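S.K.: Mind having a look at this structure? Questions to follow.
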Amino acid sequence: MSIPGYSYEFKHDHLLSIEDLSRLDIEHILDLAEAFAEETRAGRRPEPHLKNMTVINLFFENSTRTMSSFEIAAKRLGADVVAMPVAASSVKKGETLIDTAMTLNAMAPDAIVIRHSASGGVKLLSRKVDCAVINAGDGTHQHPTQGLLDTLTIRRAKGRIEGLKVTICGDILHSRVARSTTLALHLLGAEVTLCGPATLLPSGTEQWGAAHTTSRFDEAIEGADVVMMLRLQMERMNGGYLPSQREYFRNFGLTMERLRKAAEDVTVMHPGPMNRGIEIESIIADSKHSVITEQVEMGVAVREAVLKLLAGRRV
Amino acid sequence: MSRTLITNARLLCPASGLDEPGSLLIENGEIAEIGKVDGDADVTIDASGLCLSPGLVDLRVKTGEPGAEQRETLETASRAAVSGGVTSMVVMPDTSPVIDDVALVQFIANRGRETAKARIYAAAALTKGLKGEAMSEISLMQGSGAVYFTNGDWPVADTSVLRRTMAYAASCDVMVASRADSYSLSARGVMNSGARAARMGLAGLPREAEWIGLSRDLLLAETTGCRLLVDQVSTARSLEMIRDARDRGVDIFVSVAAHHLFFNETDVGDYLTYCKVNPPFRGEDDRQALIDALAAGEIDAVVSAHDPQPPEEKRLPFGEAAFGAAGLETVLSALLVLVQDERLSLLDALRPVTSSPASLIGVPQGRLAAGLPADLILFDPDKPWHCEREDLLSRSLNSPFDGRRMVGRVMHTIIGGETVFQR
């Protein structure tokens, strides 16, 4: 499959961070992903770009949805997929990440998709292997395919990214999604506002491309074209970072009343899994504004595109 | 009577301000004459093009001995030391077992004499087991040769314990060294807190932790009269706090790790674990302030903060890797780079690694004067070199200087009149 209109060489060996990508890189991935998405919607299977290739899904953190999304994407392109959830890995027996990497590398995979609890863990592994490495989330650092799928979902909903007002609300401090999505949206010309409790707002968010950072959700949502709610870890409640769930919902929960302050055709997003009634009212999650299930759909398409560009490049 | 004559050297002694060409005669392990020395010698060293200065006195070195010899022994650390120009080094008490009683202080001294090329001194634990609960036998260990007292990387959390301990230390006239830190603020951090850490998704070590810990330590030094060495200052504001305390007459001294004069937080780069140290590399403003304070004579000691870690502790994701960097072989060069950059004079660069730390711990070396031990180095201040970890002599090779272009090399190290290293 090729995208009509232009050709573009994607020159990266790995996908570790949105920071490594240019605007053209991102647009190329999104265009390719969109073409994959349309084929799937039309009921067609894509060409087996990864036939006879092996993709290893190495997940040191549990993640049903991201691992499944990568697995489906790789299988749609004809790859053999080996799933390695952490419980089955030698890390439990004391092996270091680098040792694991070198062992897996000796098995000559074409791509390794990795999620690791340590920021920078995926980068460390990428230095030790010969194949393409795709970051499926490293600590609180980056989750680049999530950033890309969010961007693609918005582009499809709004027809553009340039000039959009996007508000991302929740636990920014611990969110790799916020870091990746903000960077991607900024590169494509959106105006991103990050919002959350002061305890969950890190400094220097302008370096990620955030135009504004605030703890006042009612102001942040004013006129927003897109509102993205983030998942809040329950263990952050009760005195750690926040007083209580109900206080959080009062100040940072997405309610219908708040949503009316946003643009009329506002798009609502959430990377999932959602805490309904804490981050977002159920009625909004299921409303016409919500593109939450389309985010999941675009996730597969983006991962198809990334796998094709990285593993497929090695043919 | 053995006589070694070093000729044609540039003689440098920060204590006396000596900086002139000349010769130096060593007799029976001591400096016999300095200046224009004539006469016979058993050995003559032509030091043309080289500087001759006292050997370095390093107040902060960790080894793994006893308990973790795979990291470093006194012998391997001393090999690294003499190649870097360090002739006397003080080892930290956080070994296993902790150096918290007389026998262990004596063990370090004896083991050092038996195995090490450099002179070895022990800093003893301020509290038993470094637990911060009960003060150790300060006076007895002082009598056994402990040169100062510290809780190492574990600042005493209980302020009342620290207050009592400092009051007692003051009565014994010993120096207490304290890492300024507020552990409850810094416990989870792995690099300097701020925009960069946030972007990298790493937990921060906030500057506030140093300031809060420091303000407590300074107040206690003031009220107890304890002689306090503020161990490894890393921020600009800490220097201001120390200036204020000095203005009030508080008896305090300051050390800075050589790597903090060289690196800032951006050097962490792509999660380089060799740059994971505690206190962390701070911002560039902080680094510049440390250099300015050094040039102004406000820093009493530049230390290597040598903290060797084996590969299995460093070849990990940044958050999981151990803190610590090897430093014995790079401390002088880190200073000489500043000389090359015209930020420091040679004498100002040498003072905090020779006479000043020697005075703090009360040892005679660290200066060029007749009758003192002939612990000397000959170095080329302009010699460029490339730091490659594989070439380091430390047992652990975790140097943040790995791959860096450096300037200034030790060519010859003499301890007690004997050549212990030659390049």
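Ordering of the structure tokens sets the chain letters (A, B, ...); residue numbers start at 1 within each chain; ligands are numbered from 1 in the order shown.
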If we count only C-alpha atoms, what is near Ala157 in chain A at a cut-off of 10 Å, once residues fewer than 3 positions away on the same chain are taken out, given as a VMD selection string?

M.R.: chain A and resid 151 to 154 160 to 161 226 265 to 267 289 291 294

S.K.: For Glu47 in chain A, work out the shell of residues within 10 Å, counting only C-alpha atoms and skipping chain neighbours fewer than 3 positions away, then give it as a list in words.

M.R.: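 Neighbouring residues, sequence-local ones excluded: Met1, Phe36, Arg44, Leu50, Lys51, Arg76, Leu77 and Gly78 of chain A.
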
S.K.: With a cut-off of 6 Å and counting only C-alpha atoms, select all residues of chain A in contact with chain B and give the selection as a ChimeraX atom specification.

M.R.: /A:119-121,140-141,202-204

S.K.: What's the 8 Å shell around Arg176 in chain A, counting only C-alpha atoms, without same-chain residues fewer than 2 positions away, as a list in words?

M.R.: Gly137, Asp138, Gly139, Thr140, His141, Gln142, His143, His174, Ala178, Arg179 and Ser180 of chain A; Gly201 of chain B

S.K.: Among range 27-240 of chain A, which ones does DSSP assign to alpha helix (DSSP H) (computed from the backbone)? Answer as a count of residues only.

M.R.: 75

S.K.: Among range 195-251 of chain A, which ones does DSSP assign to strand (DSSP E or B) (computed from the backbone)? Answer as a ChimeraX atom specification.

M.R.: /A:195,210-214,226-229
